[in-house]
>>> print(open('upload_10.txt').read())   # compact mmCIF, C-alpha atoms
# COMPACT_ATOMS: atom_id res chain seq x y z
CA MET X 1395 -6.89 36.17 6.19
CA ASN X 1396 -9.83 35.66 8.50
CA LYS X 1397 -9.91 31.97 7.65
CA THR X 1398 -6.29 31.47 8.58
CA LYS X 1399 -6.88 33.32 11.83
CA LYS X 1400 -9.76 30.97 12.67
CA LEU X 1401 -7.58 27.99 11.77
CA VAL X 1402 -4.82 29.24 14.02
CA ALA X 1403 -7.30 29.86 16.83
CA SER X 1404 -8.71 26.33 16.76
CA ILE X 1405 -5.26 24.87 16.41
CA SER X 1406 -3.95 26.73 19.44
CA THR X 1407 -6.85 25.40 21.55
CA LEU X 1408 -5.98 21.89 20.44
CA LEU X 1409 -2.33 22.54 21.08
CA THR X 1410 -2.98 23.70 24.62
CA ARG X 1411 -5.05 20.60 25.29
CA ARG X 1412 -2.56 18.01 24.16
CA THR X 1413 0.60 17.19 26.02
CA SER X 1414 3.43 18.31 23.82
CA HIS X 1415 5.38 15.33 22.64
CA PRO X 1416 8.46 16.17 20.63
CA SER X 1417 8.65 12.93 18.72
CA SER X 1418 5.00 12.56 17.76
CA THR X 1419 4.39 12.81 14.06
CA LEU X 1420 1.27 13.81 12.24
CA ARG X 1421 -1.47 11.42 11.31
CA CYS X 1422 -3.91 11.64 8.56
CA ASN X 1423 -7.22 11.84 10.31
CA PRO X 1424 -10.00 14.42 10.03
CA LEU X 1425 -8.88 16.24 13.13
CA ALA X 1426 -5.19 16.08 12.40
CA THR X 1427 -3.41 18.72 14.38
CA PHE X 1428 -0.87 20.77 12.53
CA ARG X 1429 2.18 21.82 14.41
CA ILE X 1430 2.09 25.38 13.22
CA LYS X 1431 3.49 28.12 15.37
CA PRO X 1432 1.10 31.12 15.61
CA GLN X 1433 3.34 33.39 13.52
CA THR X 1434 3.53 30.99 10.58
CA HIS X 1435 0.10 31.88 9.31
CA LEU X 1436 1.98 34.67 7.61
CA ASN X 1437 3.97 32.12 5.66
CA PRO X 1438 1.64 29.86 3.69
CA VAL X 1439 4.42 27.57 2.49
CA LYS X 1440 5.04 26.02 5.91
CA PRO X 1441 1.87 23.88 6.14
CA LEU X 1442 2.72 22.27 2.82
CA ALA X 1443 6.17 21.37 4.04
CA LEU X 1444 4.66 19.74 7.11
CA LEU X 1445 2.19 17.85 4.98
CA ARG X 1446 5.02 16.54 2.87
CA PHE X 1447 6.80 15.36 5.96
CA SER X 1448 3.73 13.62 7.27
CA GLY X 1449 3.33 11.95 3.89
CA ARG X 1450 6.68 10.29 4.32
CA ALA X 1451 5.80 9.05 7.75
CA PHE X 1452 2.99 6.98 6.28
CA CYS X 1453 5.17 4.67 4.26
CA SER X 1454 4.44 1.21 5.58
CA GLY X 1455 6.92 -1.58 5.82
CA SER X 1456 10.04 0.14 4.69
CA CYS X 1457 9.98 2.65 7.54
CA ASP X 1458 12.04 1.60 10.48
CA LYS X 1459 10.06 3.34 13.13
CA ILE X 1460 6.36 2.92 13.73
CA SER X 1461 4.56 6.23 13.57
CA SER X 1462 3.37 7.38 16.95
CA SER X 1463 -0.19 8.44 17.34
CA THR X 1464 -2.29 11.12 18.87
CA CYS X 1465 -5.82 10.51 20.03
CA TRP X 1466 -8.38 12.69 18.30
CA ASN X 1467 -10.51 12.78 21.41
CA CYS X 1468 -8.28 13.43 24.36
CA GLY X 1469 -5.04 14.35 22.66
CA PHE X 1470 -3.11 11.61 24.40
CA SER X 1471 -0.17 10.64 22.29
CA SER X 1472 2.04 7.64 22.52
CA ASP X 1473 5.05 6.16 20.82
CA LYS X 1474 3.26 3.14 19.47
CA SER X 1475 0.43 3.35 16.99
CA ALA X 1476 -2.90 3.05 18.69
CA PHE X 1477 -4.52 0.32 16.73
CA LEU X 1478 -8.03 0.31 17.98
CA PHE X 1479 -8.47 2.19 21.24
CA CYS X 1480 -6.75 5.12 22.74
CA ASP X 1481 -4.85 3.89 25.78
CA SER X 1482 -6.00 6.86 27.77
CA CYS X 1483 -9.65 7.58 27.01
CA ARG X 1484 -10.61 4.28 25.30
CA SER X 1485 -12.19 6.01 22.33
CA ILE X 1486 -12.04 4.13 19.02
CA GLN X 1487 -9.35 5.35 16.67
CA PRO X 1488 -9.57 5.66 12.90
CA VAL X 1489 -7.77 3.15 10.69
CA ASP X 1490 -4.04 3.73 10.58
CA ASP X 1491 -2.66 2.58 7.24
CA SER X 1492 0.81 2.12 8.60
CA VAL X 1493 -0.39 -0.72 10.83
CA ASP X 1494 0.10 -3.90 8.85
CA TYR X 1495 -1.88 -7.11 9.15
CA PHE X 1496 0.82 -8.87 11.15
CA GLN X 1497 0.72 -6.16 13.78
CA ILE X 1498 -3.05 -6.43 14.08
CA PHE X 1499 -2.69 -10.04 15.13
CA GLY X 1500 0.45 -9.47 17.13
CA LEU X 1501 2.49 -11.72 14.87
CA GLU X 1502 6.04 -11.57 13.66
CA LYS X 1503 6.47 -10.49 10.08
CA LYS X 1504 7.33 -13.89 8.76
CA TYR X 1505 5.65 -16.28 6.39
CA GLU X 1506 5.17 -19.32 8.63
CA LEU X 1507 1.98 -18.98 10.56
CA ASP X 1508 -0.35 -20.89 12.78
CA ALA X 1509 -3.75 -20.27 11.22
CA GLY X 1510 -5.52 -21.22 14.44
CA SER X 1511 -3.96 -18.35 16.38
CA VAL X 1512 -5.18 -15.89 13.77
CA GLU X 1513 -8.73 -17.20 14.01
CA GLY X 1514 -8.73 -16.86 17.79
CA LYS X 1515 -7.45 -13.29 17.75
CA TYR X 1516 -9.87 -12.42 14.99
CA LYS X 1517 -12.79 -13.44 17.17
CA ASP X 1518 -11.40 -11.37 20.04
CA TRP X 1519 -11.13 -8.30 17.84
CA GLN X 1520 -14.63 -8.68 16.52
CA LYS X 1521 -15.94 -8.89 20.08
CA LYS X 1522 -14.52 -5.42 20.61
CA LEU X 1523 -15.80 -4.08 17.32
CA HIS X 1524 -19.25 -5.59 17.42
CA PRO X 1525 -22.03 -3.07 16.72
CA ASP X 1526 -23.81 -3.83 19.98
CA LEU X 1527 -20.79 -2.78 21.95
CA VAL X 1528 -20.36 0.49 20.15
CA HIS X 1529 -23.93 1.62 19.55
CA ASN X 1530 -23.82 3.92 22.53
CA LYS X 1531 -20.75 5.65 21.17
CA SER X 1532 -20.72 8.66 18.90
CA GLN X 1533 -21.42 8.32 15.17
CA LYS X 1534 -17.79 9.07 14.45
CA GLU X 1535 -16.65 6.23 16.67
CA ARG X 1536 -19.15 3.85 15.15
CA ASP X 1537 -17.82 4.74 11.72
CA TYR X 1538 -14.26 4.16 12.91
CA ALA X 1539 -15.33 0.83 14.40
CA ALA X 1540 -16.86 -0.23 11.09
CA GLU X 1541 -13.66 0.67 9.23
CA GLN X 1542 -11.49 -1.12 11.76
CA SER X 1543 -13.72 -4.17 11.60
CA ALA X 1544 -13.38 -4.26 7.81
CA LYS X 1545 -9.61 -4.00 8.07
CA VAL X 1546 -9.45 -6.80 10.64
CA THR X 1547 -11.59 -9.06 8.46
CA GLU X 1548 -9.42 -8.31 5.43
CA ALA X 1549 -6.31 -8.99 7.50
CA CYS X 1550 -7.67 -12.32 8.69
CA ARG X 1551 -8.58 -13.39 5.16
CA THR X 1552 -5.20 -12.38 3.78
CA LEU X 1553 -3.16 -14.07 6.47
CA THR X 1554 -5.00 -17.37 6.74
CA LYS X 1555 -4.53 -18.34 3.10
CA ARG X 1556 -1.04 -19.31 2.00
CA LEU X 1557 -1.01 -17.61 -1.36
CA SER X 1558 -2.45 -14.29 -0.20
CA ARG X 1559 -0.13 -14.33 2.82
CA ALA X 1560 2.86 -14.89 0.56
CA MET X 1561 1.85 -12.03 -1.71
CA TYR X 1562 1.15 -9.77 1.27
CA ILE X 1563 4.44 -10.42 2.98
CA MET X 1564 6.25 -9.58 -0.25
CA LYS X 1565 4.28 -6.37 -0.55
CA VAL X 1566 4.92 -5.39 3.06
CA ASN X 1567 8.62 -5.84 2.39
CA GLY X 1568 8.42 -3.54 -0.58
CA LYS X 1569 8.72 -6.30 -3.18
CA ASN X 1570 6.05 -5.76 -5.77
CA ILE X 1571 4.98 -8.68 -7.90
CA ASN X 1572 4.36 -7.84 -11.54
CA GLU X 1573 0.97 -9.30 -12.32
CA GLU X 1574 0.74 -7.81 -15.79
CA GLU X 1575 3.39 -9.78 -17.61
CA THR X 1576 2.14 -12.85 -19.45
CA VAL X 1577 3.65 -16.14 -18.37
CA THR X 1578 5.39 -17.98 -21.21
CA ASP X 1579 7.34 -20.71 -19.42
CA PRO X 1580 6.46 -23.75 -21.55
CA THR X 1581 7.12 -26.41 -18.90
CA LEU X 1582 4.96 -24.70 -16.31
CA LEU X 1583 2.16 -23.98 -18.78
CA MET X 1584 2.17 -27.50 -20.24
CA GLU X 1585 1.83 -28.93 -16.76
CA MET X 1586 -1.03 -26.56 -15.96
CA MET X 1587 -2.77 -27.31 -19.25
CA GLU X 1588 -2.59 -31.03 -18.56
CA LEU X 1589 -3.82 -30.49 -15.01
CA ARG X 1590 -6.77 -28.39 -16.10
CA GLU X 1591 -7.59 -30.89 -18.84
CA ALA X 1592 -7.54 -33.72 -16.32
CA ILE X 1593 -9.90 -31.77 -14.08
CA ALA X 1594 -12.22 -31.06 -16.99
CA GLU X 1595 -12.27 -34.71 -18.01
CA ALA X 1596 -12.65 -36.18 -14.52
CA ASP X 1597 -16.03 -37.81 -14.20
CA ASP X 1598 -16.54 -38.70 -10.58
CA SER X 1599 -15.76 -37.13 -7.25
CA LYS X 1600 -13.31 -39.90 -6.42
CA GLU X 1601 -11.10 -38.89 -9.31
CA LEU X 1602 -11.48 -35.22 -8.50
CA ASN X 1603 -10.54 -35.78 -4.88
CA LYS X 1604 -7.47 -37.65 -6.01
CA ILE X 1605 -6.39 -34.77 -8.23
CA GLN X 1606 -7.20 -32.32 -5.46
CA SER X 1607 -4.93 -34.06 -2.98
CA GLN X 1608 -2.16 -34.08 -5.57
CA VAL X 1609 -2.57 -30.36 -6.13
CA GLN X 1610 -2.66 -29.68 -2.38
CA GLU X 1611 0.58 -31.60 -2.11
CA LYS X 1612 2.12 -29.41 -4.79
CA LEU X 1613 0.83 -26.29 -3.04
CA LYS X 1614 2.46 -27.35 0.20
CA GLN X 1615 5.72 -28.02 -1.65
CA TRP X 1616 5.76 -24.64 -3.31
CA SER X 1617 4.66 -22.92 -0.14
CA ASP X 1618 7.68 -24.40 1.64
CA SER X 1619 9.91 -23.36 -1.28
CA PHE X 1620 8.54 -19.86 -0.98
CA ALA X 1621 9.30 -19.77 2.74
CA LYS X 1622 12.91 -20.83 2.10
CA ALA X 1623 13.39 -18.43 -0.79
CA PHE X 1624 11.88 -15.57 1.15
CA GLU X 1625 13.97 -16.21 4.24
CA SER X 1626 17.15 -16.25 2.19
CA GLN X 1627 15.99 -13.11 0.36
CA ARG X 1628 15.98 -14.84 -3.01
CA PHE X 1629 13.07 -12.73 -4.12
CA ASP X 1630 13.06 -13.72 -7.79
CA GLU X 1631 12.67 -17.30 -6.80
CA ALA X 1632 10.01 -16.33 -4.29
CA VAL X 1633 8.03 -14.71 -7.09
CA LYS X 1634 8.33 -17.90 -9.15
CA CYS X 1635 6.91 -19.86 -6.22
CA ILE X 1636 4.02 -17.44 -5.94
CA ARG X 1637 3.34 -17.86 -9.69
CA ARG X 1638 3.16 -21.61 -9.34
CA MET X 1639 0.91 -21.34 -6.32
CA THR X 1640 -1.44 -19.03 -8.22
CA PHE X 1641 -1.91 -21.60 -10.94
CA TYR X 1642 -2.39 -24.46 -8.50
CA GLU X 1643 -4.87 -22.45 -6.47
CA LYS X 1644 -6.86 -21.77 -9.62
CA ALA X 1645 -6.89 -25.48 -10.37
CA CYS X 1646 -8.15 -26.13 -6.84
CA GLU X 1647 -10.94 -23.64 -7.31
CA GLU X 1648 -12.00 -25.44 -10.47
CA ILE X 1649 -12.02 -28.78 -8.66
CA VAL X 1650 -14.14 -27.37 -5.85
CA LYS X 1651 -16.57 -25.97 -8.39
CA LYS X 1652 -16.93 -29.36 -9.97
CA LEU X 1653 -17.30 -31.31 -6.76
CA MET J 939 -20.97 1.74 -36.37
CA MET J 940 -20.84 1.57 -40.17
CA LEU J 941 -17.08 1.22 -40.20
CA ARG J 942 -17.35 -1.59 -37.71
CA GLN J 943 -19.76 -3.51 -39.88
CA ALA J 944 -17.49 -3.08 -42.88
CA ALA J 945 -14.54 -4.20 -40.83
CA LYS J 946 -16.40 -7.28 -39.66
CA LYS J 947 -17.26 -8.20 -43.23
CA ALA J 948 -13.66 -7.68 -44.28
CA LEU J 949 -12.51 -9.97 -41.48
CA GLY J 950 -14.65 -12.69 -42.98
CA LEU J 951 -17.05 -13.21 -40.12
CA THR J 952 -19.99 -15.37 -41.04
CA SER J 953 -23.40 -13.79 -41.47
CA ARG J 954 -24.64 -15.72 -38.48
CA GLN J 955 -22.34 -13.73 -36.28
CA SER J 956 -22.64 -10.33 -37.90
CA THR J 957 -26.42 -10.15 -37.91
CA PRO J 958 -27.19 -9.80 -34.18
CA TRP J 959 -24.42 -7.27 -33.66
CA SER J 960 -25.23 -5.05 -36.60
CA VAL J 961 -28.68 -4.34 -35.19
CA GLY J 962 -29.46 -2.30 -32.11
CA ILE J 963 -27.17 -0.25 -29.89
CA SER J 964 -29.35 -1.22 -26.96
CA ARG J 965 -27.78 -4.69 -26.54
CA SER J 966 -26.22 -5.43 -23.16
CA TYR J 967 -22.49 -5.00 -23.19
CA HIS J 968 -21.57 -8.61 -22.54
CA GLU J 969 -23.72 -10.22 -25.19
CA ASN J 970 -20.77 -10.89 -27.48
CA VAL J 971 -18.93 -12.56 -24.66
CA ILE J 972 -21.93 -14.78 -23.88
CA ASP J 973 -22.17 -15.67 -27.55
CA HIS J 974 -18.57 -16.80 -27.71
CA TYR J 975 -18.85 -18.56 -24.38
CA ASP J 976 -22.00 -20.49 -25.33
CA ASN J 977 -21.00 -21.13 -28.92
CA PRO J 978 -17.24 -21.08 -28.96
CA ARG J 979 -15.77 -21.35 -32.41
CA ASN J 980 -12.63 -23.31 -33.21
CA VAL J 981 -12.24 -25.19 -29.95
CA GLY J 982 -9.78 -28.02 -30.26
CA SER J 983 -6.20 -28.96 -30.98
CA PHE J 984 -3.87 -29.55 -33.86
CA ASP J 985 -0.96 -31.93 -33.77
CA LYS J 986 1.81 -29.96 -32.15
CA ASN J 987 4.49 -31.81 -34.09
CA ASP J 988 3.00 -31.08 -37.49
CA PRO J 989 5.41 -28.70 -39.21
CA SER J 990 2.63 -26.49 -40.52
CA ILE J 991 1.31 -25.82 -37.01
CA GLY J 992 2.38 -23.03 -34.67
CA THR J 993 1.42 -23.38 -31.00
CA GLY J 994 1.14 -20.44 -28.64
CA LEU J 995 0.86 -21.30 -24.94
CA VAL J 996 0.39 -18.45 -22.48
CA GLY J 997 -0.70 -17.95 -18.89
CA ALA J 998 -2.09 -15.07 -16.84
CA PRO J 999 -0.10 -14.51 -13.66
CA ALA J 1000 -2.88 -12.64 -11.90
CA CYS J 1001 -5.61 -15.26 -12.10
CA GLY J 1002 -3.93 -18.51 -13.13
CA ASP J 1003 -5.71 -18.84 -16.47
CA VAL J 1004 -4.09 -20.84 -19.28
CA MET J 1005 -4.60 -20.26 -23.00
CA LYS J 1006 -3.45 -22.31 -25.99
CA LEU J 1007 -3.84 -20.97 -29.51
CA GLN J 1008 -2.73 -22.92 -32.58
CA ILE J 1009 -2.42 -21.79 -36.18
CA LYS J 1010 -2.22 -23.84 -39.33
CA VAL J 1011 -0.07 -22.10 -41.91
CA ASP J 1012 0.06 -22.67 -45.65
CA GLU J 1013 3.79 -23.11 -46.21
CA LYS J 1014 3.71 -21.73 -49.74
CA THR J 1015 1.74 -18.56 -49.13
CA GLY J 1016 2.49 -17.93 -45.45
CA GLN J 1017 -1.21 -17.46 -44.85
CA ILE J 1018 -2.99 -18.81 -41.80
CA VAL J 1019 -5.62 -21.20 -43.08
CA ASP J 1020 -7.03 -22.50 -39.82
CA ALA J 1021 -6.85 -21.94 -36.08
CA ARG J 1022 -7.83 -23.69 -32.87
CA PHE J 1023 -7.87 -22.70 -29.24
CA LYS J 1024 -8.18 -24.24 -25.81
CA THR J 1025 -8.58 -21.91 -22.87
CA PHE J 1026 -9.06 -22.60 -19.19
CA GLY J 1027 -10.30 -19.45 -17.59
CA CYS J 1028 -13.13 -16.99 -17.25
CA GLY J 1029 -15.73 -16.22 -19.90
CA SER J 1030 -13.80 -13.17 -21.06
CA ALA J 1031 -10.64 -15.22 -21.59
CA ILE J 1032 -12.51 -17.89 -23.55
CA ALA J 1033 -14.28 -15.29 -25.66
CA SER J 1034 -11.03 -13.40 -26.31
CA SER J 1035 -9.24 -16.48 -27.56
CA SER J 1036 -12.26 -17.51 -29.61
CA VAL J 1037 -12.30 -14.10 -31.30
CA ALA J 1038 -8.56 -14.35 -31.86
CA THR J 1039 -8.90 -17.67 -33.73
CA GLU J 1040 -11.54 -16.12 -35.94
CA TRP J 1041 -9.55 -13.03 -36.69
CA VAL J 1042 -6.33 -14.84 -37.66
CA LYS J 1043 -7.95 -17.07 -40.25
CA GLY J 1044 -7.20 -16.08 -43.81
CA LYS J 1045 -4.54 -13.56 -42.83
CA ALA J 1046 -0.83 -13.43 -43.37
CA MET J 1047 1.37 -14.03 -40.34
CA GLU J 1048 2.79 -10.52 -40.36
CA GLU J 1049 -0.70 -9.10 -40.42
CA VAL J 1050 -1.96 -11.02 -37.38
CA LEU J 1051 0.98 -9.72 -35.39
CA THR J 1052 -0.68 -6.31 -35.60
CA ILE J 1053 -3.87 -7.48 -33.88
CA LYS J 1054 -4.11 -5.46 -30.69
CA ASN J 1055 -5.69 -6.50 -27.42
CA THR J 1056 -7.63 -3.24 -27.42
CA GLU J 1057 -9.43 -4.29 -30.60
CA ILE J 1058 -10.43 -7.60 -29.07
CA ALA J 1059 -11.52 -5.88 -25.86
CA LYS J 1060 -13.58 -3.35 -27.77
CA HIS J 1061 -15.21 -6.06 -29.84
CA LEU J 1062 -16.27 -7.85 -26.67
CA SER J 1063 -16.92 -4.69 -24.66
CA LEU J 1064 -14.67 -6.03 -21.92
CA PRO J 1065 -14.76 -4.14 -18.63
CA PRO J 1066 -11.41 -2.75 -17.39
CA VAL J 1067 -10.94 -5.58 -14.91
CA LYS J 1068 -10.96 -8.09 -17.80
CA LEU J 1069 -8.63 -6.27 -20.15
CA HIS J 1070 -5.81 -8.65 -19.26
CA CYS J 1071 -7.81 -11.46 -20.93
CA SER J 1072 -7.61 -9.70 -24.28
CA MET J 1073 -3.90 -9.08 -23.66
CA LEU J 1074 -3.47 -12.79 -23.11
CA ALA J 1075 -5.13 -13.49 -26.47
CA GLU J 1076 -2.84 -11.01 -28.24
CA ASP J 1077 0.17 -12.67 -26.61
CA ALA J 1078 -1.12 -16.10 -27.62
CA ILE J 1079 -1.30 -15.06 -31.29
CA LYS J 1080 2.26 -13.73 -31.16
CA ALA J 1081 3.48 -16.86 -29.41
CA ALA J 1082 1.87 -19.11 -32.04
CA VAL J 1083 3.50 -17.18 -34.90
CA LYS J 1084 6.84 -17.22 -33.11
CA ASP J 1085 6.60 -20.97 -32.55
CA TYR J 1086 5.82 -21.62 -36.23
CA LYS J 1087 8.73 -19.46 -37.40
CA GLU J 1088 11.14 -21.18 -35.02
CA LYS J 1089 10.00 -24.59 -36.20
CA ARG J 1090 10.53 -23.55 -39.81
CA LEU J 1091 14.04 -22.33 -39.03
CA LYS J 1092 14.85 -25.65 -37.41
CA THR J 1093 13.50 -27.73 -40.31
CA ASN J 1094 15.19 -25.48 -42.85
CA GLY J 1095 18.42 -25.69 -40.90
CA ALA J 1096 18.17 -29.48 -40.67
CA ALA J 1097 17.36 -29.74 -44.39
CA ALA J 1098 20.32 -27.52 -45.28
CA ALA J 1099 22.64 -29.62 -43.11
CA ALA J 1100 21.28 -32.82 -44.65
CA GLY J 1101 21.81 -31.32 -48.12
CA GLN J 1102 25.41 -30.49 -47.27
CA THR J 1103 26.12 -33.96 -45.89
CA ALA J 1104 24.61 -35.50 -49.00
CA GLN J 1105 26.86 -33.39 -51.20
CA ALA J 1106 29.99 -34.09 -49.14
>>> encode(input="upload_10.txt", output="structure tokens")
Amino acid sequence: MNKTKKLVASISTLLTRRTSHPSSTLRCNPLATFRIKPQTHLNPVKPLALLRFSGRAFCSGSCDKISSSTCWNCGFSSDKSAFLFCDSCRSIQPVDDSVDYFQIFGLEKKYELDAGSVEGKYKDWQKKLHPDLVHNKSQKERDYAAEQSAKVTEACRTLTKRLSRAMYIMKVNGKNINEEETVTDPTLLMEMMELREAIAEADDSKELNKIQSQVQEKLKQWSDSFAKAFESQRFDEAVKCIRRMTFYEKACEEIVKKL
Amino acid sequence: MMLRQAAKKALGLTSRQSTPWSVGISRSYHENVIDHYDNPRNVGSFDKNDPSIGTGLVGAPACGDVMKLQIKVDEKTGQIVDARFKTFGCGSAIASSSVATEWVKGKAMEEVLTIKNTEIAKHLSLPPVKLHCSMLAEDAIKAAVKDYKEKRLKTNGAAAAAGQTAQA
């Protein structure tokens, strides 16, 4: 009983600090504020219900609205997710899992991408997250900065490579690719076998480079096919394209190893 | 440990292979994999068109590995007399298919269909992230048997048709 009273006390101080915003939803961060009215400490079921609600708000991709955020430091809340800094007090925010990689780089959620623009924005982000710029901030903010930096790096890596971008955009649209099922398509596998054999038998770098350019050509072809299939929502075909690209990418890796 | 040794002997593994493994428990977990990787057994190919050969060709969607496993079947007894493999992939995939070719030799086709990926994985002490390699090997065995059976059906069907035409 005492514990709940303490919880209610600290919550009410937080509640008085923040500007009440009817549409703001809860976020999963260490100082998440629970919208509990003082009398509900008598009813222990309520907090669970709220937690369940907040769980739903974290679904990424399939949710139509972006979850709004509340700053842990100043309590400022806004309609759009604060990605890195609070708009009001400029304190670094913890990683919000509902922010997808496209949002980080301010890009539309489509497959076609200019890799150069991603690189540029990546460098800008890292300027903000660099340790030297945050060392005078609190430990908590430095930890948040490290997490954000990791997410930005991961986002950059995922989006700049065709295959990982294709797989990510499928995931973000709720289309999971089954990676467990063994591939048995004989035509595809025969082609891959022959390709891998050719790579294994190639003696000089000239031959390897020739094979590599052929494979790159195929990758481009299948990447374009993926884009078309994805745009027209032919997701089964899109998965087939991703499969092909996976095998070609592996072949490329082998070539690079040999070169 | 004892049961394992007996099982290995029953599977007809050569003494060269069973000796290092039957000794200490202090061996590093991936020694078997290294062994198969450095000294792969049964690498090669049979003639795909030979009627006594079944070819299993499988691929891993996650990593882009390709595995080919071929069995040579004695038509009279239905026993697998020889096997070959060709795998493009990581050490675990190569080792898994190498083990598979060893395990199918001297067995009946129905028996090899019961070989489970978990047995291969255990034999090689595969870490969880490489379990799919052993699954690929299990699928390759099944695909090879299936291919042989389908070929037999076709040849039997063709022979029956030829017999009928000859009679007519």
>>> residues_around(input="upload_10.txt", residues="Ala1560 (chain X)", least_positions_apart="6", cutoff="8 Å", atoms="only C-alpha atoms", output="PyMOL selection string")
chain X and resi 1505+1620+1636
>>> interface_residues(input="upload_10.txt", of="chain X", to="chain J", cutoff="9 Å", atoms="all atoms listed in the file", output="list in words")
Asn1572, Glu1573, Glu1574, Glu1575, Thr1576, Val1577, Thr1578, Asp1579, Pro1580, Leu1583, Met1584, Met1586, Met1587, Arg1590, Glu1591, Arg1637, Arg1638, Met1639, Thr1640, Phe1641, Tyr1642, Glu1643, Lys1644 and Ala1645 of chain X
>>> closest_residue(input="upload_10.txt", among="J:Gln1102, J:Ser990, J:Asn970, J:Asn1055", to="Ala1033 (chain J)", atoms="all atoms listed in the file")
J:Asn970
>>> closest_residue(input="upload_10.txt", among="X:Arg1536, X:His1524, X:Asn1530, X:Lys1652", to="Lys1600 (chain X)", atoms="all atoms listed in the file")
X:Lys1652
>>> closest_residue(input="upload_10.txt", among="J:Val1042, J:Met1047, J:Leu1007, J:Cys1028", to="Ala1075 (chain J)", atoms="all atoms listed in the file")
J:Leu1007
>>> closest_residue(input="upload_10.txt", among="X:Glu1513, X:Asp1630, X:Asp1597, X:Glu1535", to="Thr1547 (chain X)", atoms="all atoms listed in the file")
X:Glu1513
>>> atom_distance(input="upload_10.txt", atom1="CA of Phe984 (chain J)", atom2="CA of Ser1034 (chain J)")
19.2 Å
>>> atom_distance(input="upload_10.txt", atom1="CA of Ser1472 (chain X)", atom2="CA of Ile1498 (chain X)")
17.2 Å
>>> residues_around(input="upload_10.txt", residues="Leu1602 (chain X)", least_positions_apart="2", cutoff="9 Å", atoms="all atoms listed in the file", output="PyMOL selection string")
chain X and resi 1592-1593+1596-1600+1604-1607+1649-1650+1652-1653
>>> atom_distance(input="upload_10.txt", atom1="CA of Asn977 (chain J)", atom2="CA of Phe1023 (chain J)")
13.2 Å
>>> residues_around(input="upload_10.txt", residues="Ile991 (chain J)", least_positions_apart="3", cutoff="10 Å", atoms="only C-alpha atoms", output="PDB file with C-alpha atoms, in the coordinates of the input")
ATOM      1  CA  PHE J 984      -3.870 -29.550 -33.860  1.00  0.00           C
ATOM      2  CA  ASP J 985      -0.960 -31.930 -33.770  1.00  0.00           C
ATOM      3  CA  LYS J 986       1.810 -29.960 -32.150  1.00  0.00           C
ATOM      4  CA  ASN J 987       4.490 -31.810 -34.090  1.00  0.00           C
ATOM      5  CA  ASP J 988       3.000 -31.080 -37.490  1.00  0.00           C
ATOM      6  CA  GLY J 994       1.140 -20.440 -28.640  1.00  0.00           C
ATOM      7  CA  GLN J1008      -2.730 -22.920 -32.580  1.00  0.00           C
ATOM      8  CA  ILE J1009      -2.420 -21.790 -36.180  1.00  0.00           C
ATOM      9  CA  LYS J1010      -2.220 -23.840 -39.330  1.00  0.00           C
ATOM     10  CA  VAL J1011      -0.070 -22.100 -41.910  1.00  0.00           C
ATOM     11  CA  ASP J1012       0.060 -22.670 -45.650  1.00  0.00           C
ATOM     12  CA  GLU J1013       3.790 -23.110 -46.210  1.00  0.00           C
ATOM     13  CA  ILE J1018      -2.990 -18.810 -41.800  1.00  0.00           C
ATOM     14  CA  ASP J1020      -7.030 -22.500 -39.820  1.00  0.00           C
ATOM     15  CA  ALA J1021      -6.850 -21.940 -36.080  1.00  0.00           C
ATOM     16  CA  ALA J1082       1.870 -19.110 -32.040  1.00  0.00           C
ATOM     17  CA  VAL J1083       3.500 -17.180 -34.900  1.00  0.00           C
ATOM     18  CA  ASP J1085       6.600 -20.970 -32.550  1.00  0.00           C
ATOM     19  CA  TYR J1086       5.820 -21.620 -36.230  1.00  0.00           C
ATOM     20  CA  LYS J1087       8.730 -19.460 -37.400  1.00  0.00           C
ATOM     21  CA  LYS J1089      10.000 -24.590 -36.200  1.00  0.00           C
ATOM     22  CA  ARG J1090      10.530 -23.550 -39.810  1.00  0.00           C
TER      23      ARG J1090
END
>>> closest_residue(input="upload_10.txt", among="X:Ser1532, X:Asn1603, X:Gly1568, X:Val1546", to="Ser1485 (chain X)", atoms="all atoms listed in the file")
X:Ser1532
>>> closest_residue(input="upload_10.txt", among="X:Leu1582, X:Ala1594, X:Ile1486, X:Leu1557", to="Lys1614 (chain X)", atoms="all atoms listed in the file")
X:Leu1557
>>> residues_around(input="upload_10.txt", residues="Arg1484 (chain X)", least_positions_apart="5", cutoff="10 Å", atoms="all atoms listed in the file", output="list in words")
Cys1465, Asn1467, Cys1468, Leu1478 and Phe1479 of chain X
